[in-house]
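Raw contents of target26.tsv, TSV, C-alpha atoms:
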chain	number	residue	atom	x	y	z
A	1	MET	CA	-40.70	22.19	-68.31
A	2	THR	CA	-39.65	25.12	-66.23
A	3	LYS	CA	-36.16	26.29	-65.88
A	4	SER	CA	-34.63	26.12	-62.31
A	5	ASP	CA	-32.96	29.09	-60.79
A	6	PRO	CA	-29.30	27.98	-60.31
A	7	LEU	CA	-28.87	30.20	-57.25
A	8	ALA	CA	-31.95	28.68	-55.55
A	9	VAL	CA	-30.67	25.15	-56.24
A	10	ARG	CA	-27.24	25.97	-54.79
A	11	LEU	CA	-28.85	27.37	-51.64
A	12	ALA	CA	-31.35	24.51	-51.26
A	13	VAL	CA	-28.88	21.62	-51.57
A	14	PRO	CA	-26.86	22.39	-48.38
A	15	GLY	CA	-30.11	22.91	-46.44
A	16	ILE	CA	-31.46	19.54	-47.56
A	17	VAL	CA	-28.18	17.80	-46.67
A	18	ILE	CA	-28.16	19.34	-43.19
A	19	LEU	CA	-31.81	18.38	-42.65
A	20	LEU	CA	-31.07	14.77	-43.67
A	21	LEU	CA	-28.09	14.60	-41.35
A	22	VAL	CA	-30.09	15.90	-38.39
A	23	VAL	CA	-33.02	13.56	-39.03
A	24	THR	CA	-30.87	10.44	-39.49
A	25	ALA	CA	-28.53	11.24	-36.58
A	26	CYS	CA	-31.27	11.52	-33.94
A	27	ASP	CA	-32.68	8.41	-32.34
A	28	SER	CA	-36.19	8.09	-30.97
A	29	SER	CA	-35.35	9.36	-27.50
A	30	ILE	CA	-33.25	12.06	-26.01
A	31	ARG	CA	-30.95	10.90	-23.21
A	32	PRO	CA	-28.37	12.67	-21.14
A	33	PRO	CA	-24.81	11.52	-21.77
A	34	GLU	CA	-23.60	8.60	-19.68
A	35	SER	CA	-21.58	9.64	-16.66
A	36	THR	CA	-17.85	9.10	-16.97
A	37	GLU	CA	-16.84	10.21	-13.51
A	38	PRO	CA	-14.06	8.02	-12.15
A	39	GLY	CA	-14.75	5.34	-9.59
A	40	PHE	CA	-13.13	4.34	-6.33
A	41	ILE	CA	-11.79	1.12	-4.84
A	42	ILE	CA	-11.61	0.50	-1.10
A	43	ALA	CA	-9.52	-2.49	-0.04
A	44	ASP	CA	-9.88	-3.82	3.49
A	45	ILE	CA	-6.77	-5.88	4.20
A	46	THR	CA	-6.42	-8.21	7.18
A	47	TYR	CA	-3.13	-9.86	8.10
A	48	VAL	CA	-3.18	-13.15	10.00
A	49	SER	CA	-0.12	-15.00	11.31
A	50	ASP	CA	3.23	-13.47	12.10
A	51	TRP	CA	4.85	-11.09	9.65
A	52	PRO	CA	8.07	-12.25	7.98
A	53	PRO	CA	11.15	-10.13	8.82
A	54	ALA	CA	11.04	-6.60	7.42
A	55	ASN	CA	14.15	-7.23	5.28
A	56	GLN	CA	12.01	-9.58	3.15
A	57	PHE	CA	9.95	-6.61	1.92
A	58	VAL	CA	11.25	-4.07	-0.57
A	59	ASP	CA	7.68	-2.96	-1.35
A	60	LEU	CA	4.14	-4.01	-0.42
A	61	ARG	CA	1.04	-2.80	-2.28
A	62	PHE	CA	-2.58	-3.47	-3.09
A	63	VAL	CA	-2.91	-4.03	-6.84
A	64	ALA	CA	-6.11	-4.33	-8.90
A	65	MET	CA	-5.71	-5.55	-12.50
A	66	ARG	CA	-8.04	-5.29	-15.47
A	67	PHE	CA	-6.69	-8.66	-16.66
A	68	VAL	CA	-5.63	-11.97	-15.16
A	69	PRO	CA	-1.82	-12.06	-14.94
A	70	GLN	CA	0.10	-14.98	-16.36
A	71	ASP	CA	3.41	-14.28	-14.62
A	72	THR	CA	5.24	-11.55	-12.73
A	73	THR	CA	6.13	-9.64	-15.90
A	74	ASP	CA	2.44	-8.67	-16.06
A	75	PHE	CA	3.07	-6.33	-13.11
A	76	LEU	CA	4.84	-4.13	-15.67
A	77	GLN	CA	1.57	-3.43	-17.52
A	78	LEU	CA	1.07	-0.26	-15.51
A	79	ASN	CA	-1.61	1.09	-17.86
A	80	ARG	CA	-3.84	-1.92	-17.10
A	81	LEU	CA	-3.69	-1.88	-13.31
A	82	GLU	CA	-4.38	0.32	-10.32
A	83	PHE	CA	-2.13	0.21	-7.28
A	84	SER	CA	-1.87	1.77	-3.86
A	85	GLU	CA	0.95	3.61	-2.22
A	86	GLY	CA	3.20	1.36	-0.15
A	87	LEU	CA	1.30	-0.52	2.57
A	88	GLN	CA	2.21	-0.49	6.25
A	89	TYR	CA	4.46	-3.20	7.64
A	90	GLY	CA	3.65	-5.08	10.84
A	91	VAL	CA	-0.02	-4.09	11.23
A	92	THR	CA	-2.97	-6.45	11.76
A	93	SER	CA	-5.23	-4.64	9.28
A	94	GLN	CA	-5.47	-1.58	7.10
A	95	THR	CA	-7.82	0.05	4.65
A	96	VAL	CA	-6.64	1.47	1.36
A	97	VAL	CA	-8.57	3.89	-0.85
A	98	LEU	CA	-7.79	4.23	-4.54
A	99	GLU	CA	-9.37	7.31	-6.10
A	100	ASP	CA	-9.99	8.17	-9.75
A	101	VAL	CA	-9.60	4.61	-10.99
A	102	VAL	CA	-10.34	3.51	-14.53
A	103	LEU	CA	-13.89	2.23	-14.91
A	104	GLY	CA	-14.41	-1.40	-15.83
A	105	THR	CA	-14.05	-4.99	-14.73
A	106	TYR	CA	-11.19	-6.10	-12.50
A	107	PRO	CA	-10.76	-9.89	-12.58
A	108	PHE	CA	-7.71	-9.93	-10.29
A	109	ALA	CA	-6.84	-8.03	-7.11
A	110	VAL	CA	-3.99	-8.85	-4.79
A	111	VAL	CA	-1.77	-7.71	-1.97
A	112	ALA	CA	1.70	-8.15	-3.44
A	113	ARG	CA	5.21	-7.76	-2.15
A	114	GLN	CA	8.43	-7.11	-3.95
A	115	ARG	CA	11.02	-9.35	-2.25
A	116	THR	CA	14.22	-7.90	-3.73
A	117	SER	CA	15.32	-4.95	-5.83
A	118	ASP	CA	14.67	-7.09	-8.93
A	119	ILE	CA	11.61	-5.56	-10.59
A	120	LEU	CA	10.30	-9.07	-11.31
A	121	SER	CA	10.47	-10.29	-7.71
A	122	TRP	CA	6.78	-9.56	-7.00
A	123	GLU	CA	4.64	-12.25	-5.39
A	124	ALA	CA	1.08	-12.54	-4.17
A	125	MET	CA	0.56	-12.37	-0.43
A	126	GLY	CA	-3.25	-12.46	-0.55
A	127	ILE	CA	-5.79	-12.58	-3.38
A	128	TYR	CA	-9.33	-11.20	-3.52
A	129	GLU	CA	-11.57	-14.26	-3.91
A	130	GLU	CA	-15.19	-13.19	-3.35
A	131	GLY	CA	-17.34	-13.35	-6.49
A	132	GLU	CA	-14.68	-15.50	-8.17
A	133	GLY	CA	-12.25	-12.65	-7.59
A	134	ILE	CA	-14.00	-10.35	-10.06
A	135	PHE	CA	-15.38	-6.92	-9.26
A	136	ARG	CA	-16.50	-3.94	-11.30
A	137	VAL	CA	-15.83	-0.23	-10.87
A	138	ASN	CA	-18.68	1.92	-12.16
A	139	SER	CA	-18.79	5.65	-12.70
A	140	ALA	CA	-18.89	7.69	-9.49
A	141	GLU	CA	-19.30	4.51	-7.40
A	142	THR	CA	-17.12	2.80	-4.80
A	143	SER	CA	-16.22	-0.88	-5.04
A	144	ARG	CA	-15.11	-2.52	-1.80
A	145	VAL	CA	-12.92	-5.63	-1.64
A	146	ALA	CA	-11.58	-7.59	1.31
A	147	ILE	CA	-8.32	-9.51	1.23
A	148	THR	CA	-6.85	-11.71	3.94
A	149	VAL	CA	-3.09	-12.20	3.96
A	150	ASP	CA	-1.95	-15.38	5.72
A	151	PHE	CA	1.85	-15.38	5.69
A	152	ASP	CA	1.86	-19.08	6.63
A	153	ASN	CA	-0.31	-20.01	3.61
A	154	LEU	CA	0.54	-17.79	0.66
A	155	PRO	CA	-1.53	-18.26	-2.49
A	156	ASP	CA	-0.21	-19.64	-5.76
A	157	PHE	CA	0.66	-16.89	-8.21
A	158	PRO	CA	-0.47	-16.77	-10.83
Produce structure tokens that represent the structure in this file.
Amino acid sequence: MTKSDPLAVRLAVPGIVILLLVVTACDSSIRPPESTEPGFIIADITYVSDWPPANQFVDLRFVAMRFVPQDTTDFLQLNRLEFSEGLQYGVTSQTVVLEDVVLGTYPFAVVARQRTSDILSWEAMGIYEEGEGIFRVNSAETSRVAITVDFDNLPDFP
């Protein structure tokens, strides 16, 4: 039996550990990292029928949610939704662009108005319905949705 050189053993052990880590950490193919560039949402909104009086609108926005809301308190989950700046009043149509949105699935998108200064007075004016109302935002891609608002036939919410 030969005697091992303690210095050689101490130097070899870290090298073997590093080699094992490199070999076990690599998979069979080399791939570039997946893109995580933000996506975009374009909402084409069409208004049919006469607008209610302006004093019935405190705020009006396009809102895309990464969940299906159960009641108006869900509008307070700001970290789980994307929303536009205030929409124009009295127009027949408008297009809204949301930039740098969180990637993922959006099962609910709506044009919503706040009727009073009460933060819980939000209601749906029009709901995105194509594809069962679900759309996806992928990295560096644009998702386009169309919503029709019929003031004479507002949707149930939620």
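Of the residues under consideration (A:Ala54, A:Leu98, A:Ile119, A:Ala124), A:Leu98 shows the shortest atom-to-atom contact distance to Ser143 (chain A) when counting all atoms listed in the file.
Nearest to Ala64 (chain A) of all the residues A:Ala109, A:Leu76, A:Leu87, A:Met125 is A:Ala109, based on all atoms listed in the file.
Counting all atoms listed in the file and comparing A:Thr36, A:Thr105, A:Thr95, A:Thr46, the residue that lies closest to Val68 (chain A) is A:Thr105.
Restricting the calculation to all atoms listed in the file, the smallest distance between Pro155 (chain A) and any of A:Ala112, A:Asn138, A:Ser117, A:Gly131 is found for A:Ala112.
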request  = State, in Å with one decimal place, the distance from CA of Asp71 (chain A) to CA of Ile147 (chain A).
outcome  = 20.3 Å
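Residues in contact with Ser93 (chain A) at up to 10 Å, not including ones fewer than 4 positions away on its chain and judged by all atoms listed in the file, are Asp44, Ile45, Thr46, Tyr47, Val48, Gln88, Tyr89, Ile147, Thr148 and Val149 of chain A.
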Counting all atoms listed in the file, which residues sit no farther than 12 Å from the position (-9.4, 4.5, -0.1) in the file's frame? I'd like them as a tab-separated table (two decimals) with C-alpha atoms, in the coordinates of the input.
chain	number	residue	atom	x	y	z
A	39	GLY	CA	-14.75	5.34	-9.59
A	40	PHE	CA	-13.13	4.34	-6.33
A	41	ILE	CA	-11.79	1.12	-4.84
A	42	ILE	CA	-11.61	0.50	-1.10
A	43	ALA	CA	-9.52	-2.49	-0.04
A	44	ASP	CA	-9.88	-3.82	3.49
A	45	ILE	CA	-6.77	-5.88	4.20
A	62	PHE	CA	-2.58	-3.47	-3.09
A	83	PHE	CA	-2.13	0.21	-7.28
A	84	SER	CA	-1.87	1.77	-3.86
A	85	GLU	CA	0.95	3.61	-2.22
A	94	GLN	CA	-5.47	-1.58	7.10
A	95	THR	CA	-7.82	0.05	4.65
A	96	VAL	CA	-6.64	1.47	1.36
A	97	VAL	CA	-8.57	3.89	-0.85
A	98	LEU	CA	-7.79	4.23	-4.54
A	99	GLU	CA	-9.37	7.31	-6.10
A	100	ASP	CA	-9.99	8.17	-9.75
A	101	VAL	CA	-9.60	4.61	-10.99
A	142	THR	CA	-17.12	2.80	-4.80
A	143	SER	CA	-16.22	-0.88	-5.04
A	144	ARG	CA	-15.11	-2.52	-1.80
A	145	VAL	CA	-12.92	-5.63	-1.64
request  = Mind giving me the straight-line distance from CA of Met65 (chain A) to CA of Arg136 (chain A) in Å, one decimal?
outcome  = 11.0 Å
ask   = For Val110 (chain A), which residue out of A:Phe151, A:Gly86, A:Gln77, A:Arg61 is the nearest one, using all atoms listed in the file?
value = A:Arg61
remark   = Separating CA of Gln56 (chain A) from CA of Glu130 (chain A), to the nearest tenth of an Å, is a gap of 28.2 Å
Coordinates of box centre and edge lengths for region 108-117 of chain A, 3 Å on every side, axis-aligned, as AutoDock Vina command-line options:
--center_x 3.8 --center_y -7.4 --center_z -6.1 --size_x 29.0 --size_y 11.0 --size_z 14.3
query = For Gln70 (chain A), which residue among A:Ser49, A:Phe157, A:Asn55, A:Glu132 is the nearest when counting all atoms listed in the file?
reply = A:Phe157
Can you sort out region 69-83 of chain A so it carries N, CA and C atoms, written as a compact mmCIF listing (two decimals), keeping the file's coordinate frame?
# COMPACT_ATOMS: atom_id res chain seq x y z
N PRO A 69 -3.25 -11.95 -14.61
CA PRO A 69 -1.82 -12.06 -14.94
C PRO A 69 -1.41 -13.51 -15.20
N GLN A 70 -0.44 -13.66 -16.06
CA GLN A 70 0.10 -14.98 -16.36
C GLN A 70 1.41 -15.24 -15.63
N ASP A 71 2.16 -14.17 -15.38
CA ASP A 71 3.41 -14.28 -14.62
C ASP A 71 3.77 -12.90 -14.07
N THR A 72 4.89 -12.81 -13.38
CA THR A 72 5.24 -11.55 -12.73
C THR A 72 5.56 -10.42 -13.70
N THR A 73 5.88 -10.72 -14.93
CA THR A 73 6.13 -9.64 -15.90
C THR A 73 4.86 -8.82 -16.15
N ASP A 74 3.69 -9.41 -15.87
CA ASP A 74 2.44 -8.67 -16.06
C ASP A 74 2.31 -7.49 -15.09
N PHE A 75 3.09 -7.48 -14.01
CA PHE A 75 3.07 -6.33 -13.11
C PHE A 75 3.66 -5.09 -13.79
N LEU A 76 4.26 -5.26 -14.94
CA LEU A 76 4.84 -4.13 -15.67
C LEU A 76 3.81 -3.46 -16.58
N GLN A 77 2.62 -4.02 -16.69
CA GLN A 77 1.57 -3.43 -17.52
C GLN A 77 0.85 -2.34 -16.73
N LEU A 78 1.57 -1.30 -16.41
CA LEU A 78 1.07 -0.26 -15.51
C LEU A 78 -0.20 0.41 -16.02
N ASN A 79 -0.42 0.45 -17.32
CA ASN A 79 -1.61 1.09 -17.86
C ASN A 79 -2.86 0.22 -17.72
N ARG A 80 -2.70 -1.01 -17.24
CA ARG A 80 -3.84 -1.92 -17.10
C ARG A 80 -4.07 -2.32 -15.65
N LEU A 81 -3.48 -1.57 -14.72
CA LEU A 81 -3.69 -1.88 -13.31
C LEU A 81 -3.75 -0.61 -12.49
N GLU A 82 -4.32 -0.76 -11.30
CA GLU A 82 -4.38 0.32 -10.32
C GLU A 82 -3.65 -0.19 -9.09
N PHE A 83 -2.87 0.67 -8.45
CA PHE A 83 -2.13 0.21 -7.28
C PHE A 83 -2.06 1.31 -6.23
